[in-house]
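Undergrad: Pasting data.txt here (compact mmCIF, C-alpha atoms):
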```txt
# COMPACT_ATOMS: atom_id res chain seq x y z
CA MET A 1 13.60 -22.54 23.75
CA THR A 2 10.72 -21.79 21.39
CA ALA A 3 11.48 -20.94 17.78
CA PRO A 4 10.09 -17.60 16.58
CA ALA A 5 6.77 -17.86 14.78
CA ALA A 6 6.95 -17.94 11.02
CA PRO A 7 5.96 -14.61 9.45
CA ARG A 8 2.40 -14.26 8.22
CA VAL A 9 1.15 -12.10 5.36
CA LEU A 10 -2.45 -11.45 4.33
CA VAL A 11 -3.18 -10.61 0.68
CA ALA A 12 -6.62 -8.97 0.58
CA GLY A 13 -8.52 -8.29 -2.61
CA ILE A 14 -11.00 -5.48 -2.15
CA GLY A 15 -13.55 -3.97 -4.49
CA ASN A 16 -17.06 -4.28 -5.83
CA ILE A 17 -17.49 -6.80 -8.67
CA PHE A 18 -20.53 -4.87 -9.95
CA LEU A 19 -18.63 -1.61 -10.47
CA ALA A 20 -16.40 -2.39 -13.47
CA ASP A 21 -12.71 -1.78 -12.70
CA ASP A 22 -13.41 -1.63 -8.96
CA ALA A 23 -13.36 -5.45 -9.24
CA PHE A 24 -9.58 -5.43 -9.78
CA GLY A 25 -8.79 -6.74 -6.27
CA PRO A 26 -11.20 -9.69 -6.41
CA GLU A 27 -10.01 -10.55 -9.94
CA VAL A 28 -6.37 -10.65 -8.83
CA ILE A 29 -7.28 -12.93 -5.90
CA ALA A 30 -9.10 -15.23 -8.33
CA ALA A 31 -5.97 -15.33 -10.53
CA LEU A 32 -3.82 -16.14 -7.46
CA ARG A 33 -5.77 -19.37 -6.95
CA ASP A 34 -3.68 -20.89 -9.75
CA HIS A 35 -0.43 -20.09 -7.90
CA ARG A 36 1.16 -21.74 -4.90
CA LEU A 37 1.59 -19.19 -2.14
CA PRO A 38 4.52 -19.39 0.29
CA ASP A 39 3.90 -20.79 3.76
CA GLY A 40 2.37 -18.18 6.02
CA VAL A 41 0.64 -16.30 3.20
CA ASP A 42 -3.16 -16.20 3.06
CA ALA A 43 -5.06 -14.68 0.15
CA ALA A 44 -8.74 -13.77 0.40
CA ASP A 45 -11.33 -11.80 -1.55
CA PHE A 46 -12.98 -9.39 0.87
CA GLY A 47 -15.06 -7.66 -1.79
CA ILE A 48 -16.90 -4.91 0.08
CA ARG A 49 -16.87 -6.60 3.50
CA GLY A 50 -14.93 -3.97 5.41
CA MET A 51 -15.53 -5.29 8.92
CA ASP A 52 -14.36 -8.78 7.91
CA LEU A 53 -11.10 -7.22 6.75
CA VAL A 54 -10.79 -5.17 9.97
CA TYR A 55 -10.86 -8.32 12.08
CA ARG A 56 -8.52 -10.24 9.77
CA LEU A 57 -5.97 -7.41 9.98
CA LEU A 58 -5.91 -7.99 13.74
CA ASP A 59 -5.41 -11.75 13.46
CA GLY A 60 -1.66 -11.76 14.05
CA TYR A 61 -0.40 -10.94 10.56
CA ASP A 62 3.01 -9.32 10.24
CA ALA A 63 1.99 -7.59 7.02
CA ALA A 64 -1.03 -7.13 4.79
CA VAL A 65 -1.21 -6.36 1.09
CA LEU A 66 -4.41 -4.70 -0.07
CA VAL A 67 -5.15 -5.16 -3.77
CA ASP A 68 -7.51 -2.55 -5.20
CA ALA A 69 -8.30 -0.17 -8.04
CA VAL A 70 -6.49 3.09 -7.22
CA PRO A 71 -7.09 6.24 -9.27
CA ARG A 72 -3.83 8.23 -9.21
CA GLY A 73 -3.89 9.86 -12.64
CA GLY A 74 -1.72 7.42 -14.60
CA PRO A 75 -2.63 5.54 -17.74
CA PRO A 76 -5.33 2.88 -17.18
CA GLY A 77 -3.78 -0.43 -16.18
CA THR A 78 -0.75 1.16 -14.48
CA LEU A 79 0.22 -0.73 -11.32
CA TYR A 80 1.32 1.00 -8.13
CA VAL A 81 2.90 -0.23 -4.90
CA LEU A 82 2.28 2.08 -1.96
CA ASP A 83 3.57 1.50 1.56
CA ILE A 84 0.84 2.61 3.95
CA ASP A 85 1.80 2.97 7.58
CA GLY A 86 -1.70 3.76 8.84
CA SER A 87 -0.53 6.81 10.78
CA ASP A 88 -1.27 9.31 8.02
CA PRO A 89 -3.68 12.06 9.17
CA GLY A 90 -6.07 10.89 6.43
CA PHE A 91 -6.54 7.68 8.42
CA ALA A 92 -8.58 9.26 11.20
CA PRO A 93 -10.94 6.93 13.05
CA ALA A 94 -14.33 6.81 11.40
CA ALA A 95 -17.57 4.99 11.91
CA PRO A 96 -17.15 1.47 10.52
CA GLU A 97 -19.31 0.33 7.65
CA ALA A 98 -20.56 -3.21 8.15
CA HIS A 99 -21.37 -3.58 4.44
CA GLY A 100 -18.92 -1.15 2.89
CA MET A 101 -15.28 -1.05 1.93
CA ASP A 102 -13.69 2.36 2.25
CA PRO A 103 -10.04 1.33 2.70
CA VAL A 104 -9.24 4.47 4.70
CA LYS A 105 -12.04 3.71 7.18
CA VAL A 106 -11.09 0.04 7.35
CA LEU A 107 -7.46 0.81 8.19
CA ALA A 108 -8.41 3.52 10.68
CA THR A 109 -10.87 1.22 12.44
CA ALA A 110 -8.40 -1.69 12.53
CA ARG A 111 -5.64 0.56 13.88
CA GLU A 112 -7.94 1.94 16.57
CA LEU A 113 -9.05 -1.56 17.63
CA ALA A 114 -5.42 -2.71 17.69
CA GLY A 115 -4.65 0.11 20.09
CA TRP A 116 -7.58 -0.72 22.36
CA GLU A 117 -6.52 -4.36 22.54
CA SER A 118 -2.75 -3.70 22.63
CA LEU A 119 -2.31 -5.73 19.46
CA ALA A 120 0.45 -5.23 16.92
CA PHE A 121 -0.79 -3.63 13.73
CA PRO A 122 0.59 -5.19 10.54
CA ARG A 123 2.62 -3.30 8.01
CA VAL A 124 0.22 -2.43 5.17
CA VAL A 125 1.14 -2.25 1.49
CA LEU A 126 -1.25 -1.40 -1.31
CA VAL A 127 -0.92 -2.92 -4.77
CA GLY A 128 -3.21 -0.83 -6.90
CA CYS A 129 -4.21 -0.52 -10.52
CA GLU A 130 -5.23 2.66 -12.33
CA PRO A 131 -8.85 2.15 -13.44
CA LEU A 132 -10.28 3.16 -16.80
CA VAL A 133 -13.92 2.92 -15.70
CA ARG A 134 -14.67 4.60 -12.37
CA MET A 135 -18.21 4.16 -11.13
CA ARG A 136 -19.66 5.80 -8.03
CA GLY A 137 -22.24 3.13 -7.27
CA ASP A 138 -25.32 5.28 -7.87
CA GLU A 139 -25.54 4.57 -11.61
CA PRO A 140 -28.76 2.91 -12.79
CA ASP A 141 -26.90 -0.12 -14.18
CA VAL A 142 -24.12 -2.30 -12.86
CA VAL A 143 -21.09 -2.97 -15.03
CA HIS A 144 -19.72 -6.45 -14.48
CA GLY A 145 -16.17 -7.05 -15.70
CA LEU A 146 -12.92 -5.19 -16.02
CA SER A 147 -11.97 -2.83 -18.82
CA ASP A 148 -9.38 -4.15 -21.28
CA PRO A 149 -6.34 -2.30 -19.85
CA VAL A 150 -7.18 -3.28 -16.27
CA ARG A 151 -7.84 -6.91 -17.23
CA ALA A 152 -4.48 -6.97 -19.02
CA SER A 153 -2.80 -5.90 -15.75
CA VAL A 154 -4.14 -8.79 -13.64
CA GLY A 155 -1.37 -11.23 -14.58
CA GLU A 156 1.30 -8.57 -14.08
CA ALA A 157 -0.24 -7.79 -10.67
CA VAL A 158 0.07 -11.46 -9.67
CA ARG A 159 3.78 -11.40 -10.56
CA LEU A 160 4.20 -8.11 -8.69
CA LEU A 161 2.46 -9.59 -5.64
CA GLU A 162 4.89 -12.51 -5.62
CA THR A 163 7.76 -10.01 -5.36
CA VAL A 164 6.02 -7.82 -2.76
CA VAL A 165 5.08 -10.82 -0.60
CA ALA A 166 8.63 -12.23 -0.76
CA ASP A 167 9.97 -8.86 0.36
CA LEU A 168 7.44 -8.64 3.20
CA LEU A 169 8.28 -12.15 4.40
CA GLY A 170 11.91 -11.11 4.51
CA HIS A 171 11.12 -8.01 6.58
CA ALA A 172 8.37 -9.41 8.79
CA THR A 173 9.95 -8.20 12.03
CA GLU A 174 9.38 -4.54 11.01
CA ARG A 175 5.87 -4.40 12.52
CA LEU A 176 4.25 -1.24 13.67
CA PRO A 177 3.12 -0.93 17.29
CA GLY A 178 -0.64 -1.14 17.86
```
If you took the structure in this file and wrote it as structure tokens, what would it be?

TA:
Amino acid sequence: MTAPAAPRVLVAGIGNIFLADDAFGPEVIAALRDHRLPDGVDAADFGIRGMDLVYRLLDGYDAAVLVDAVPRGGPPGTLYVLDIDGSDPGFAPAAPEAHGMDPVKVLATARELAGWESLAFPRVVLVGCEPLVRMRGDEPDVVHGLSDPVRASVGEAVRLLETVVADLLGHATERLPG
């Protein structure tokens, strides 16, 4: 008799390091490098490589945690944990962006590909941080580095991720159908 496979969780930092607080996800992944992750947990900085993340989401993970700047109207530096099931009407299939990272398009594309291939789609959780500086990307100058309140939240986000990942590992059998 074969033992069930150990649960797998992907922690994915997303965001553009040249757009100020949008770099929150990559900065958290960099801070995670100093921490030992549990077995079965992979952490990676996807930056703005949306298609790379699409294919990793379909690589047999039970759950994925996206780490990103998320404007929701709270004070800058506020952390949020959102459970995203991918079936929300806002996650309609869209043309993939080979060099872009619109999380809604990434999740919609990954979910659609999972359906085509009859693959299980992982549970998706978002750990987000309220940005202070929100850039659109068409400004004449890049802004490298996080604002003070967002930078101050990086360590707290690492601790929050440890809790979220532990919870996901404990509930890994609650996968969504492809």

Undergrad: I'd like the interatomic distance between CA of Pro75 (chain A) and CA of Pro149 (chain A), to a tenth of an Å.

TA: 8.9 Å

Undergrad: Work out how far apart CA of Tyr80 (chain A) and CA of Leu160 (chain A) are and give it in Å to one decimal.

TA: 9.6 Å

Undergrad: Between A:Gly40, A:Pro122, A:Pro103, A:Gly47, which residue has the minimum interatomic distance to Glu27 (chain A), considering only C-alpha atoms?

TA: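 Of A:Gly40, A:Pro122, A:Pro103, A:Gly47, the one nearest Glu27 (chain A), counting only C-alpha atoms, is A:Gly47.
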
Undergrad: I'd like the neighbourhood of Val133 (chain A) as a list in words, where a residue qualifies if any of its atoms comes within 12 Å (using all atoms listed in the file), though same-chain residues fewer than 6 positions away should be ignored.

TA: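 In the requested form, the answer reads Phe18, Leu19, Ala20, Asp21, Asp22, Ala23, Phe24, Ala69, Val70, Pro71, Pro75, Pro76, Gly77, Val142, Val143, His144, Gly145, Leu146, Ser147, Asp148, Pro149, Val150 and Arg151 of chain A.
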
Undergrad: Just the number, please: distance in Å from CA of Ser118 (chain A) to CA of Ile14 (chain A), one decimal.

TA: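 It comes out at 26.2 Å.
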
Undergrad: Of the candidates A:Asp34, A:Ile84, A:Val65, A:Leu113, which one gets nearest to Met51 (chain A) if we count all atoms listed in the file?

TA: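 Smallest distance to Met51 (chain A) is found for A:Leu113.
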
Undergrad: Here is a test: counting all atoms listed in the file, which residue of A:Ala120, A:Gly13, A:Ala44, A:Val81 is nearest to Thr163 (chain A)?

TA: A:Val81

Undergrad: Smallest atom-to-atom distance to Val127 (chain A): which of A:Ala110, A:Ala31, A:Ala157, A:Val9, using all atoms listed in the file?

TA: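 Using all atoms listed in the file, the shortest distance to Val127 (chain A) belongs to A:Ala157.
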
Undergrad: If we count all atoms listed in the file and set the cut-off at 10 Å, which residues sit around Leu82 (chain A), ignoring sequence neighbours fewer than 6 positions away in its own chain? Please answer as an MDAnalysis selection string.

TA: chainID A and resid 65:66 124:128

Undergrad: Tell me which protein, DNA and RNA residues are within 12 Å of Leu32 (chain A), counting all atoms listed in the file, leaving out same-chain ones fewer than 6 positions away, and put them as a count of residues only.

TA: 21

Undergrad: Mind checking which residues fall within 7 Å of region 52-57 of chain A, counting all atoms listed in the file, ignoring those fewer than 3 positions away in the same chain, and posting them as a PyMOL selection string?

TA: chain A and resi 46+49+61+106+109-110+122
